[in-house]
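Peer 1: Next comes final-v8.txt, compact mmCIF, C-alpha atoms:
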```
# COMPACT_ATOMS: atom_id res chain seq x y z
CA MET A 1 158.49 140.88 142.10
CA LYS A 2 155.27 139.32 140.88
CA LYS A 3 155.47 136.58 138.28
CA LEU A 4 154.10 136.67 134.73
CA PHE A 5 153.52 133.84 132.25
CA ILE A 6 152.55 134.61 128.64
CA LYS A 7 151.48 131.92 126.18
CA THR A 8 151.69 133.10 122.59
CA TYR A 9 149.68 131.72 119.68
CA GLY A 10 150.09 132.49 115.99
CA CYS A 11 152.19 134.92 114.01
CA GLN A 12 155.45 136.80 114.54
CA MET A 13 153.49 139.93 115.37
CA ASN A 14 151.98 138.14 118.35
CA VAL A 15 155.51 137.18 119.43
CA TYR A 16 156.46 140.86 119.24
CA ASP A 17 153.30 141.90 121.11
CA SER A 18 153.94 139.37 123.87
CA ALA A 19 157.46 140.71 124.35
CA ARG A 20 156.14 144.27 124.56
CA MET A 21 153.49 143.24 127.09
CA ALA A 22 156.24 141.71 129.20
CA ASP A 23 158.26 144.96 128.90
CA LEU A 24 155.22 146.99 129.92
CA LEU A 25 154.41 144.86 132.95
CA ALA A 26 158.03 144.72 134.08
CA GLY A 27 157.58 148.41 134.90
CA ILE A 28 154.96 147.54 137.52
CA GLY A 29 156.86 144.64 139.05
CA TYR A 30 156.14 141.54 136.95
CA ALA A 31 159.01 139.17 136.09
CA PRO A 32 158.61 136.39 133.49
CA VAL A 33 158.38 132.71 134.46
CA GLU A 34 158.35 129.55 132.35
CA ALA A 35 155.09 127.97 133.55
CA PRO A 36 151.62 129.13 134.64
CA ASP A 37 151.90 127.19 137.91
CA ASP A 38 154.40 129.76 139.19
CA ALA A 39 152.57 132.84 137.91
CA ASP A 40 150.63 135.61 139.60
CA MET A 41 149.29 136.58 136.17
CA VAL A 42 148.77 134.52 133.02
CA ILE A 43 148.20 136.10 129.60
CA LEU A 44 147.00 134.09 126.59
CA ASN A 45 147.99 136.11 123.52
CA THR A 46 145.67 134.62 120.93
CA CYS A 47 145.40 134.27 117.16
CA HIS A 48 142.15 133.96 115.21
CA ILE A 49 143.60 132.75 111.90
CA ARG A 50 143.87 129.03 112.54
CA GLU A 51 140.93 126.64 112.55
CA LYS A 52 139.09 126.29 115.85
CA ALA A 53 141.28 129.01 117.39
CA ALA A 54 138.64 130.12 119.90
CA GLU A 55 137.92 126.54 121.00
CA LYS A 56 141.61 126.01 121.79
CA VAL A 57 141.65 129.16 123.88
CA TYR A 58 138.56 128.08 125.85
CA SER A 59 140.17 124.67 126.44
CA GLU A 60 143.27 126.36 127.84
CA LEU A 61 141.11 128.65 129.96
CA GLY A 62 139.43 125.62 131.49
CA LYS A 63 142.81 124.36 132.69
CA LEU A 64 143.75 127.79 133.99
CA LYS A 65 140.45 128.09 135.86
CA ARG A 66 141.27 124.94 137.82
CA LEU A 67 144.78 126.22 138.53
CA LYS A 68 143.38 129.58 139.64
CA GLU A 69 140.98 127.88 142.05
CA MET A 70 143.77 125.75 143.53
CA LYS A 71 146.02 128.79 144.02
CA ALA A 72 143.16 130.73 145.63
CA GLN A 73 142.80 128.00 148.25
CA THR A 74 146.41 128.63 149.30
CA GLY A 75 145.94 132.39 149.42
CA ALA A 76 147.78 133.01 146.15
CA PRO A 77 145.43 134.89 143.79
CA MET A 78 146.11 134.70 140.05
CA LEU A 79 144.94 137.04 137.29
CA ILE A 80 143.96 135.59 133.91
CA ALA A 81 144.04 137.81 130.83
CA VAL A 82 143.20 137.02 127.23
CA ALA A 83 144.84 139.25 124.62
CA GLY A 84 145.12 139.28 120.84
CA CYS A 85 142.71 138.62 118.01
CA VAL A 86 140.39 136.11 119.68
CA ALA A 87 140.01 138.60 122.52
CA GLN A 88 139.15 141.31 120.00
CA ALA A 89 136.60 139.14 118.20
CA GLU A 90 134.91 137.51 121.18
CA GLY A 91 135.61 139.77 124.15
CA ALA A 92 132.19 140.05 125.78
CA GLU A 93 131.32 136.44 124.94
CA MET A 94 134.57 135.28 126.49
CA ILE A 95 133.80 136.96 129.81
CA ARG A 96 130.29 135.48 129.73
CA ARG A 97 131.50 131.94 128.98
CA GLN A 98 134.50 131.84 131.31
CA ALA A 99 134.11 133.63 134.62
CA ALA A 100 137.74 132.93 135.55
CA VAL A 101 138.90 135.52 132.98
CA ASP A 102 139.69 138.86 134.63
CA ILE A 103 140.91 140.88 131.65
CA VAL A 104 140.15 140.78 127.92
CA VAL A 105 142.31 143.12 125.85
CA GLY A 106 142.48 143.57 122.08
CA PRO A 107 145.77 143.80 120.18
CA GLN A 108 145.59 147.60 119.92
CA SER A 109 144.86 148.14 123.60
CA TYR A 110 147.44 146.12 125.51
CA HIS A 111 149.32 149.31 126.46
CA ARG A 112 146.44 149.80 128.93
CA LEU A 113 147.27 146.61 130.86
CA PRO A 114 148.75 148.39 133.94
CA GLU A 115 145.60 150.49 134.25
CA MET A 116 143.41 147.41 133.77
CA ILE A 117 145.29 145.51 136.49
CA ALA A 118 144.80 148.48 138.82
CA ARG A 119 141.06 148.45 138.10
CA ILE A 120 140.92 144.76 139.00
CA ALA A 121 142.79 145.49 142.23
CA ARG A 122 140.19 148.13 143.06
CA GLY A 123 137.50 145.49 142.80
CA SER A 124 135.86 146.61 139.56
CA GLY A 125 135.27 143.06 138.30
CA HIS A 126 136.06 141.99 134.75
CA VAL A 127 137.80 144.50 132.48
CA LEU A 128 137.30 144.63 128.71
CA GLU A 129 139.28 146.83 126.29
CA THR A 130 138.90 146.25 122.53
CA ASP A 131 139.34 149.66 120.95
CA PHE A 132 141.63 150.38 117.98
CA PRO A 133 143.94 153.17 119.26
CA ALA A 134 147.11 152.07 117.45
CA GLU A 135 148.69 155.51 117.77
CA ASP A 136 148.12 155.53 121.54
CA LYS A 137 149.59 152.05 121.90
CA PHE A 138 152.96 152.73 120.32
CA ASP A 139 153.27 156.10 122.05
CA SER A 140 152.63 154.43 125.41
CA LEU A 141 155.02 151.46 125.18
CA PRO A 142 158.35 151.70 127.01
CA GLU A 143 161.25 152.63 124.77
CA GLU A 144 163.64 150.11 126.25
CA ARG A 145 163.08 146.44 125.49
CA PRO A 146 165.27 143.50 126.51
CA THR A 147 166.73 141.35 123.76
CA THR A 148 167.24 137.61 123.87
CA GLY A 149 169.51 137.12 120.87
CA PRO A 150 171.01 138.61 117.72
CA ALA A 151 167.71 138.60 115.77
CA ALA A 152 164.63 140.66 116.64
CA PHE A 153 161.18 141.57 115.35
CA LEU A 154 160.12 145.19 114.97
CA THR A 155 156.50 146.06 114.21
CA VAL A 156 156.22 148.92 111.70
CA GLN A 157 152.64 148.52 110.49
CA GLU A 158 149.40 147.06 111.81
CA GLY A 159 145.95 146.36 110.46
CA CYS A 160 144.72 145.77 106.94
CA ASP A 161 142.35 147.50 104.52
CA LYS A 162 142.21 144.70 101.92
CA PHE A 163 139.21 142.78 103.35
CA CYS A 164 139.96 139.40 101.81
CA THR A 165 136.73 137.48 102.21
CA PHE A 166 138.33 134.67 104.28
CA CYS A 167 140.26 136.88 106.70
CA VAL A 168 139.44 138.33 110.13
CA VAL A 169 142.44 140.67 110.38
CA PRO A 170 140.58 143.89 109.36
CA TYR A 171 138.03 143.12 112.09
CA THR A 172 140.49 142.14 114.84
CA ARG A 173 143.47 144.40 114.09
CA GLY A 174 141.62 147.33 112.61
CA PRO A 175 142.53 149.61 109.68
CA GLU A 176 146.05 150.03 108.39
CA PHE A 177 148.29 152.11 110.62
CA SER A 178 151.99 152.82 110.04
CA ARG A 179 154.33 153.93 112.80
CA PRO A 180 156.31 157.15 112.21
CA VAL A 181 159.75 156.71 110.66
CA SER A 182 161.58 158.36 113.56
CA GLN A 183 159.98 156.00 116.09
CA ILE A 184 161.02 152.93 114.09
CA VAL A 185 164.57 154.14 113.46
CA ASP A 186 165.06 154.94 117.15
CA GLU A 187 163.88 151.46 118.15
CA ALA A 188 166.13 149.83 115.54
CA ARG A 189 169.15 151.77 116.82
CA ARG A 190 168.44 150.67 120.38
CA LEU A 191 168.22 147.07 119.21
CA ALA A 192 171.54 147.39 117.36
CA ASP A 193 173.17 148.89 120.45
CA LYS A 194 172.13 145.75 122.35
CA GLY A 195 173.74 143.40 119.85
CA VAL A 196 170.89 142.68 117.45
CA ARG A 197 172.31 141.94 113.99
CA GLU A 198 169.13 141.03 112.11
CA ILE A 199 165.82 142.88 112.22
CA THR A 200 162.59 141.60 110.70
CA LEU A 201 160.02 144.32 110.08
CA LEU A 202 156.49 143.17 110.84
CA GLY A 203 153.05 144.16 109.61
CA GLN A 204 149.78 142.49 108.73
CA ASN A 205 150.33 144.15 105.36
CA VAL A 206 153.87 145.39 105.82
CA ASN A 207 154.53 146.64 102.30
CA ALA A 208 151.51 148.94 102.63
CA TYR A 209 153.70 150.97 105.00
CA ARG A 210 153.14 154.70 104.52
CA ALA A 211 154.20 157.10 107.27
CA PRO A 212 155.58 160.60 107.75
CA GLY A 213 159.35 160.87 107.58
CA PRO A 214 161.64 163.46 109.16
CA ASP A 215 161.55 165.50 105.94
CA GLY A 216 157.76 165.86 106.11
CA GLU A 217 157.22 163.55 103.16
CA THR A 218 155.36 160.24 103.21
CA TRP A 219 157.82 157.37 103.26
CA SER A 220 157.30 153.92 101.77
CA LEU A 221 158.69 150.65 103.12
CA ALA A 222 161.50 150.82 100.56
CA ARG A 223 162.64 154.21 101.79
CA LEU A 224 162.45 153.04 105.41
CA LEU A 225 164.57 149.98 104.57
CA ARG A 226 167.28 152.17 103.01
CA VAL A 227 167.60 154.21 106.21
CA LEU A 228 167.59 151.15 108.46
CA ALA A 229 170.34 149.61 106.34
CA GLU A 230 172.60 152.53 107.29
CA ILE A 231 172.43 151.78 111.05
CA ASP A 232 175.76 150.53 112.39
CA GLY A 233 175.46 147.01 113.72
CA VAL A 234 172.41 146.03 111.67
CA GLU A 235 173.71 143.50 109.15
CA ARG A 236 170.49 141.92 107.93
CA LEU A 237 166.97 143.14 107.16
CA ARG A 238 163.80 141.20 106.38
CA TYR A 239 160.09 142.02 106.29
CA THR A 240 156.83 140.08 106.44
CA THR A 241 153.95 139.69 105.53
CA SER A 242 153.43 141.27 102.10
CA HIS A 243 150.50 141.70 99.74
CA PRO A 244 151.12 141.51 95.98
CA ARG A 245 149.09 144.69 95.36
CA ASP A 246 151.50 146.73 97.49
CA MET A 247 154.75 145.52 95.91
CA GLY A 248 155.75 148.86 94.38
CA ASP A 249 158.56 149.58 91.93
CA ASP A 250 160.71 151.19 94.63
CA LEU A 251 160.45 148.09 96.83
CA ILE A 252 161.37 145.81 93.93
CA GLU A 253 164.39 148.03 93.22
CA ALA A 254 165.34 147.90 96.91
CA HIS A 255 165.73 144.12 96.67
CA GLY A 256 168.35 144.60 93.99
CA GLU A 257 170.15 147.53 95.61
CA ILE A 258 170.18 147.01 99.40
CA GLU A 259 172.82 144.43 100.22
CA LYS A 260 171.54 144.00 103.78
CA LEU A 261 168.02 143.13 102.59
CA MET A 262 168.04 139.34 102.58
CA PRO A 263 167.17 137.46 99.36
CA TYR A 264 164.01 135.90 100.74
CA LEU A 265 160.45 137.18 100.28
CA HIS A 266 157.17 135.88 101.67
CA LEU A 267 154.56 136.84 99.07
CA PRO A 268 151.19 135.14 99.71
CA VAL A 269 149.11 134.28 96.65
CA GLN A 270 146.49 131.93 98.25
CA SER A 271 145.26 130.43 94.94
CA GLY A 272 146.25 130.06 91.31
CA SER A 273 142.68 130.38 90.00
CA ASP A 274 141.55 133.82 88.88
CA ARG A 275 137.97 132.87 89.71
CA ILE A 276 138.87 131.97 93.29
CA LEU A 277 141.20 134.95 93.66
CA ALA A 278 138.27 137.20 92.71
CA ALA A 279 136.00 135.42 95.19
CA MET A 280 138.67 135.94 97.85
CA ASN A 281 138.90 139.66 96.95
CA ARG A 282 142.66 139.31 96.54
CA GLN A 283 142.73 142.19 94.02
CA HIS A 284 145.22 140.51 91.69
CA THR A 285 145.17 137.78 89.04
CA ALA A 286 147.52 134.84 88.59
CA HIS A 287 149.07 136.56 85.56
CA GLU A 288 149.73 139.71 87.58
CA TYR A 289 151.37 137.60 90.27
CA PHE A 290 153.57 135.85 87.68
CA ASP A 291 154.59 139.23 86.27
CA LEU A 292 155.43 140.54 89.73
CA VAL A 293 157.56 137.49 90.54
CA ALA A 294 159.46 137.89 87.27
CA ARG A 295 160.22 141.55 88.01
CA ILE A 296 161.43 140.78 91.53
CA ARG A 297 163.67 137.97 90.33
CA THR A 298 165.09 140.23 87.63
CA ALA A 299 166.04 142.72 90.34
CA ARG A 300 167.44 140.01 92.65
CA PRO A 301 168.23 136.77 90.74
CA ASP A 302 169.10 134.76 93.86
CA LEU A 303 165.85 135.65 95.66
CA ALA A 304 163.82 132.75 97.08
CA LEU A 305 160.06 132.97 97.49
CA SER A 306 157.64 131.58 100.03
CA SER A 307 153.88 131.89 100.02
CA ASP A 308 150.54 131.03 101.65
CA PHE A 309 147.93 128.76 100.06
CA ILE A 310 144.32 128.02 101.00
CA VAL A 311 142.73 124.89 99.56
CA GLY A 312 139.02 124.17 99.53
CA PHE A 313 137.85 127.78 99.47
CA PRO A 314 134.06 127.89 98.92
CA GLY A 315 133.25 127.06 95.31
CA GLU A 316 136.75 125.74 94.47
CA THR A 317 136.50 123.14 91.68
CA ASP A 318 139.05 120.55 90.59
CA LYS A 319 139.96 122.92 87.76
CA ASP A 320 140.58 125.75 90.21
CA PHE A 321 142.76 123.50 92.35
CA ASP A 322 144.73 122.38 89.29
CA ALA A 323 145.39 126.05 88.51
CA THR A 324 146.92 126.44 91.97
CA LEU A 325 149.22 123.47 91.40
CA ALA A 326 150.19 124.92 88.01
CA LEU A 327 151.07 128.26 89.63
CA MET A 328 153.20 126.49 92.23
CA ARG A 329 155.13 124.64 89.54
CA GLU A 330 155.63 127.83 87.55
CA VAL A 331 156.90 129.92 90.50
CA ASN A 332 158.83 127.12 92.25
CA TYR A 333 158.79 128.02 95.95
CA ALA A 334 161.52 127.54 98.50
CA ALA A 335 158.93 127.20 101.28
CA ALA A 336 155.23 127.78 101.85
CA PHE A 337 152.42 127.57 104.37
CA SER A 338 149.24 125.77 103.34
CA PHE A 339 145.88 125.33 105.02
CA LYS A 340 142.43 123.94 104.49
CA TYR A 341 139.86 126.71 104.31
CA SER A 342 138.02 127.08 107.59
CA PRO A 343 135.21 129.62 108.07
CA ARG A 344 136.03 132.57 110.28
CA PRO A 345 132.88 133.96 111.92
CA GLY A 346 131.80 137.30 110.48
CA THR A 347 133.75 137.01 107.23
CA PRO A 348 131.87 137.00 103.89
CA ALA A 349 133.22 133.60 102.82
CA SER A 350 131.87 131.95 105.97
CA ALA A 351 128.32 132.65 104.76
CA SER A 352 128.84 131.07 101.34
CA ALA A 353 126.55 128.20 100.39
CA LYS A 354 129.37 126.62 98.37
CA GLN A 355 131.37 125.11 101.24
CA ILE A 356 133.67 122.25 100.22
CA PRO A 357 133.40 118.87 102.03
CA ASP A 358 136.21 118.32 104.52
CA ASP A 359 137.39 115.08 102.91
CA VAL A 360 137.85 116.91 99.58
CA LYS A 361 139.79 119.69 101.31
CA SER A 362 142.00 117.13 103.09
CA GLU A 363 142.79 115.30 99.85
CA ARG A 364 143.68 118.52 98.05
CA LEU A 365 145.84 119.70 100.94
CA GLN A 366 147.79 116.46 100.91
CA ILE A 367 148.45 116.76 97.17
CA LEU A 368 149.51 120.41 97.52
CA GLN A 369 151.78 119.77 100.49
CA THR A 370 153.47 116.88 98.70
CA LEU A 371 154.44 119.28 95.92
CA LEU A 372 155.55 121.94 98.39
CA ILE A 373 157.79 119.50 100.27
CA GLU A 374 159.29 118.39 96.96
CA GLN A 375 160.08 122.00 96.00
CA GLN A 376 161.45 122.88 99.43
CA SER A 377 163.67 119.77 99.49
CA LYS A 378 164.96 120.56 96.00
CA PHE A 379 165.80 124.11 97.00
CA ASN A 380 167.65 122.97 100.10
CA ARG A 381 169.59 120.34 98.13
CA SER A 382 170.67 123.05 95.69
CA CYS A 383 172.55 124.65 98.58
CA THR A 384 174.71 121.58 99.24
CA GLY A 385 178.37 122.30 98.49
CA ARG A 386 177.87 126.05 98.58
CA GLU A 387 179.29 128.61 100.95
CA MET A 388 177.07 131.14 102.69
CA LYS A 389 177.00 133.53 105.60
CA VAL A 390 175.03 132.27 108.58
CA LEU A 391 173.82 134.27 111.59
CA PHE A 392 174.04 131.95 114.60
CA ASP A 393 171.31 132.74 117.10
CA ARG A 394 170.71 129.81 119.47
CA PRO A 395 172.01 126.47 120.79
CA GLY A 396 171.04 123.29 118.98
CA ARG A 397 169.61 120.12 120.47
CA LYS A 398 172.99 118.37 120.81
CA PRO A 399 175.76 119.49 123.19
CA GLY A 400 177.99 122.02 121.47
CA GLN A 401 175.67 122.33 118.45
CA VAL A 402 174.67 125.80 117.31
CA LEU A 403 171.80 126.86 115.04
CA GLY A 404 171.57 129.82 112.72
CA ARG A 405 169.80 131.15 109.65
CA SER A 406 171.01 131.37 106.10
CA PRO A 407 170.26 134.46 103.99
CA TRP A 408 167.34 132.40 102.62
CA LEU A 409 165.98 131.80 106.16
CA GLN A 410 166.87 128.11 106.25
CA PRO A 411 167.93 126.67 109.62
CA VAL A 412 171.63 125.78 109.53
CA HIS A 413 173.32 123.73 112.24
CA VAL A 414 177.04 123.40 112.94
CA GLU A 415 178.67 121.10 115.49
CA ASN A 416 181.03 122.12 118.30
CA ALA A 417 180.66 125.86 117.81
CA ILE A 418 178.46 127.12 120.63
CA GLU A 419 180.67 130.18 121.02
CA LEU A 420 179.43 131.46 117.64
CA ILE A 421 176.02 132.64 118.92
CA GLY A 422 175.58 136.27 117.91
CA GLN A 423 178.08 136.06 115.05
CA ILE A 424 177.71 135.95 111.27
CA ARG A 425 180.20 133.42 109.94
CA ASP A 426 181.06 131.74 106.65
CA VAL A 427 179.76 128.18 106.44
CA HIS A 428 180.25 125.40 103.92
CA ILE A 429 176.97 123.47 103.47
CA GLU A 430 177.66 119.74 103.67
CA SER A 431 174.15 118.25 103.51
CA ALA A 432 170.50 119.17 103.37
CA SER A 433 167.14 117.81 104.46
CA SER A 434 163.68 119.09 103.59
CA ASN A 435 163.73 121.35 106.66
CA SER A 436 167.34 122.35 107.37
CA LEU A 437 170.97 122.47 106.30
CA LYS A 438 174.09 121.06 107.97
CA GLY A 439 177.38 122.88 107.57
CA ALA A 440 180.95 123.28 108.70
CA LEU A 441 182.58 126.52 109.73
CA LEU A 442 184.99 127.95 107.16
CA ARG A 443 188.32 129.11 108.48
CA LYS A 444 189.34 130.76 105.20
CA LYS A 445 188.04 133.86 103.47
CA MET A 446 184.77 133.10 101.74
CA ARG A 447 184.55 133.23 97.97
CA ALA A 448 181.75 135.12 96.25
CA PRO A 449 178.63 132.94 96.74
CA ALA A 450 177.40 130.95 93.78
CA GLU A 451 173.91 131.75 92.59
CA ILE A 452 171.20 129.77 94.33
CA ALA A 453 168.96 127.89 91.92
CA VAL A 454 165.47 129.22 92.52
CA HIS A 455 163.96 129.13 89.03
```
Show me this structure written as C-alpha cells.
Peer 2:
Amino acid sequence: MKKLFIKTYGCQMNVYDSARMADLLAGIGYAPVEAPDDADMVILNTCHIREKAAEKVYSELGKLKRLKEMKAQTGAPMLIAVAGCVAQAEGAEMIRRQAAVDIVVGPQSYHRLPEMIARIARGSGHVLETDFPAEDKFDSLPEERPTTGPAAFLTVQEGCDKFCTFCVVPYTRGPEFSRPVSQIVDEARRLADKGVREITLLGQNVNAYRAPGPDGETWSLARLLRVLAEIDGVERLRYTTSHPRDMGDDLIEAHGEIEKLMPYLHLPVQSGSDRILAAMNRQHTAHEYFDLVARIRTARPDLALSSDFIVGFPGETDKDFDATLALMREVNYAAAFSFKYSPRPGTPASASAKQIPDDVKSERLQILQTLLIEQQSKFNRSCTGREMKVLFDRPGRKPGQVLGRSPWLQPVHVENAIELIGQIRDVHIESASSNSLKGALLRKKMRAPAEIAVH
C-alpha cells in the first residue's frame, strides 16, 4: 500500500471532500497516514474564504517542497496535489509559482484523481483539472465510505447562484447543483448501517436544494429531510449552511414537525444594516430576517440560532455597525462566526474604493465578538440544571472522559464513561462555560426536557 496524507482547510464540505478523496484513492492502493513525512502523496484541500488563504497554502507548499526534495534523495518520490477552492481560483498560477506541485484539482473534479495520478506516472508533467462537472463527480465516487464515528457529513448540494459581492464560492464551486434524492437516501442508509446516528446535510447553499425525486417531482430540502428521518438508525438530522432567501414555508414547518431534526439552525445574516446588505447583494433586509426568525421560532420554540457576521465591509459606517449590534441583540444568538472583511480577488467588493482601515475593522470585530461571547455564555448557562439527550462521539482529553453533542450542538463532556461512544444518553447538565457543558449520566428515565431559553 502507498501512503496518503490529506491536510484539510476550511468548512465541513472540505472535510467531506477530503474523506471522499481518501475513499477514492484507497481503491488504487493508498492508505491514510497521520503526517506528510510518511506519505507517498500529500493533498492540501484548500479553502478560499479566510483572509490570506492562498498565502498560507504557498507557505505550506514551501515546506512540502523541501520534504519532497529530501525524500527524492533517498529514492522515495512524493506527489503533491492541491485541491479545493484555492486550487480552483489559482490553478495555473499555482503551478507557475511552485514547481513542486504535481496536481491541481478543483472541488468538482477530484473524482479524476486516479486518472491524474496515472498521467503523472506516464511522465506528462503537471496536471490541472478545474472544470465544474458536479454530476460526473458524484456519479464517479465509490458508494462505500468508511465511517469514523456515530456522526457523519453528507453533501447534498454544491455551488451557489447568489453572488454575494464578498464571496468567491460561485467562482470556485460553480453554479448550484443538487444531488438526486435516491443517491442521497442510499448513502444515508449505508451510513446508518455502519452505525452513524447523526447526519449533517451539507451544501454551500443547502436550503436551495432542488432535485428530482423517485416520483418524478422536484423535491425540496424539507421533503428530503422527511424521508431521511424515516431511515432506521438515523436518530438526528442537521443541515448547513443556509441562506435566508431559501428558507421556504415547508422547511420552517419541518422544524416544527420532524422530531429528528435538531433544534439548531445556522442562518447567516452578515450585517444588520439594510444599506450594507444591499451592497453585499444579500437579497434580504434586516426586517425580513427578523420576520423569518420569528416564524421559525414559532414553529420550533426551543430552536437556537447561529449566524455569520462580516465587519468592516467597504463603506460600512459607525451607524451601519450599530445596526448590526442591534440586530444581534434582537435575535440573541447561541453562537456565531465573525470576521473582518478581507478582499477576495475577483469579487465585486474587492474593487470598491470604500475599503475600511484595518484598525477600524479590528476595533469593531472586538466589540462584536464581546457581545457574541456574552450571548453564547448566557445560552450555555441557561442549560445548567437541565436534562438533555447527548450523542457521545469521541474521547475527551482526560482519561475516561467522553465528549458528545447536545441537540443544540454544544460540546458536552462526561467523566468516566468512555464506553458511551456511539450512544445517545440522557445527561444532567451540571455546569457551563462559554464553549461547552459538563454533565453527569442519568441512570433514570429522563423527564420531558424543559424549554431552552433562546429569546
Peer 1: Could you name the residues that touch stretch 307-313 of chain A at 8 Å or less, counting all atoms listed in the file, but leaving out those on the same chain fewer than 2 positions away, as a list in words?
Peer 2: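 So the residues in contact are His266, Leu267, Pro268, Val269, Gln270, Ser271, Ile276, Leu305, Gly315, Glu316, Phe321, Tyr333, Ala335, Ala336, Phe337, Ser338, Phe339, Lys340, Tyr341, Gln355, Ile356, Val360, Lys361, Arg364 and Leu365 of chain A.
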Peer 1: Please report the interatomic distance between atom CA of A:Ile421 and atom CA of A:Leu225 in Å with one decimal.
Peer 2: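 Going from atom CA of A:Ile421 over to atom CA of A:Leu225, I get 25.3 Å.
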Peer 1: Quote the spacing between atom CA of A:Arg297 and atom CA of A:Gln423 in Å to one decimal place.
Peer 2: 28.7 Å
Peer 1: What's the separation between atom CA of A:Glu374 and atom CA of A:Val293, in Å to one decimal place?
Peer 2: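 Answer for the atom CA of A:Glu374 to atom CA of A:Val293 separation: 20.2 Å.
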Peer 1: Would you list the contacts of A:Ser431 as a ChimeraX atom specification, taking every protein, DNA or RNA residue within 12 Å and counting only C-alpha atoms, but skipping same-chain residues closer than 5 positions in sequence?
Peer 2: /A:377,380-387,412-414,436-440
Peer 1: Using all atoms listed in the file, pick whichever of A:Ala87, A:Ile6, A:Leu441, A:Met13 has the shortest atom-to-atom distance to A:Gly203.
Peer 2: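 Going through A:Ala87, A:Ile6, A:Leu441, A:Met13 one by one, the smallest distance to A:Gly203 is for A:Met13.
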Peer 1: Which neighbours of A:Lys389 fall inside 10 Å, counting only C-alpha atoms, when residues of the same chain fewer than 6 positions from it are skipped, and could you give them as a PyMOL selection string?
Peer 2: chain A and resi 404-407+423-428+441-442+446+449
Peer 1: Please determine, counting all atoms listed in the file, which residue among A:Ile418, A:Ile252, A:Ala278, A:Ala83 has the shortest atom-to-atom distance to A:Leu221.
Peer 2: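 Using all atoms listed in the file, the shortest distance to A:Leu221 belongs to A:Ile252.
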Peer 1: Which residue, A:Pro77, A:Ala334, A:Phe153, A:Met247, has the smallest gap to A:Gln376 when you use only C-alpha atoms?
Peer 2: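 Of the candidates, the smallest distance to A:Gln376 is held by A:Ala334.
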Peer 1: Identify which of the residues A:Arg96, A:Arg20, A:Lys2, A:Lys7 lies closest to A:Ala76, counting all atoms listed in the file when measuring atom-to-atom distances.
Peer 2: A:Lys2
Peer 1: Which residue gives the smallest distance to A:Thr172 among A:Met78, A:Leu237, A:Ala22, A:Cys85, with all atoms listed in the file counted?
Peer 2: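 When distances to A:Thr172 are compared using all atoms listed in the file, the smallest one comes from A:Cys85.
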Peer 1: Using all atoms listed in the file, which of A:Pro244, A:Thr165, A:Lys319, A:Ser352 sits nearest A:Met280?
Peer 2: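 Among A:Pro244, A:Thr165, A:Lys319, A:Ser352, it is A:Thr165 that comes nearest to A:Met280.
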Peer 1: When you look at A:Arg300 with a cut-off of 7 Å (counting all atoms listed in the file), what residues show up, excluding the ones that are within fewer than 3 positions of it in the same chain? I need them as a list in words.
Peer 2: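 Near neighbours after the sequence-gap exclusion: His255, Gly256, Ile296, Arg297 and Leu303 of chain A.
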Peer 1: Show me, as an mmCIF file with C-alpha atoms, in the frame of the given file, the residues that have an atom within 10 Å of A:Gly149 when counting all atoms listed in the file, minus same-chain residues fewer than 4 positions from it.
Peer 2:
```
data_model
loop_
_atom_site.group_PDB
_atom_site.id
_atom_site.type_symbol
_atom_site.label_atom_id
_atom_site.label_comp_id
_atom_site.auth_asym_id
_atom_site.auth_seq_id
_atom_site.Cartn_x
_atom_site.Cartn_y
_atom_site.Cartn_z
ATOM 1 C CA LYS A 194 172.130 145.750 122.350
ATOM 2 C CA GLY A 195 173.740 143.400 119.850
ATOM 3 C CA VAL A 196 170.890 142.680 117.450
ATOM 4 C CA ARG A 197 172.310 141.940 113.990
ATOM 5 C CA GLU A 198 169.130 141.030 112.110
ATOM 6 C CA PHE A 392 174.040 131.950 114.600
ATOM 7 C CA ASP A 393 171.310 132.740 117.100
ATOM 8 C CA ARG A 394 170.710 129.810 119.470
ATOM 9 C CA ILE A 421 176.020 132.640 118.920
ATOM 10 C CA GLY A 422 175.580 136.270 117.910
#
```
Peer 1: Write stretch 74-83 of chain A as a CSV table (one decimal), in the coordinates of the input, completed to N, CA and C atoms.
Peer 2:
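Produced file selection.csv, reproduced below:
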```csv
chain,number,residue,atom,x,y,z
A,74,THR,N,145.2,128.5,148.5
A,74,THR,CA,146.4,128.6,149.3
A,74,THR,C,146.7,130.1,149.6
A,75,GLY,N,145.8,131.0,149.2
A,75,GLY,CA,145.9,132.4,149.4
A,75,GLY,C,146.8,133.1,148.4
A,76,ALA,N,146.9,132.5,147.2
A,76,ALA,CA,147.8,133.0,146.2
A,76,ALA,C,146.9,133.4,144.9
A,77,PRO,N,146.3,134.5,144.9
A,77,PRO,CA,145.4,134.9,143.8
A,77,PRO,C,146.2,135.0,142.5
A,78,MET,N,145.5,134.7,141.4
A,78,MET,CA,146.1,134.7,140.0
A,78,MET,C,145.2,135.4,139.1
A,79,LEU,N,145.7,136.4,138.3
A,79,LEU,CA,144.9,137.0,137.3
A,79,LEU,C,145.1,136.3,136.0
A,80,ILE,N,144.0,136.2,135.2
A,80,ILE,CA,144.0,135.6,133.9
A,80,ILE,C,143.5,136.6,132.9
A,81,ALA,N,144.4,136.9,131.9
A,81,ALA,CA,144.0,137.8,130.8
A,81,ALA,C,144.1,137.1,129.5
A,82,VAL,N,143.2,137.5,128.6
A,82,VAL,CA,143.2,137.0,127.2
A,82,VAL,C,143.4,138.2,126.3
A,83,ALA,N,144.5,138.2,125.5
A,83,ALA,CA,144.8,139.2,124.6
A,83,ALA,C,144.8,138.8,123.2
```
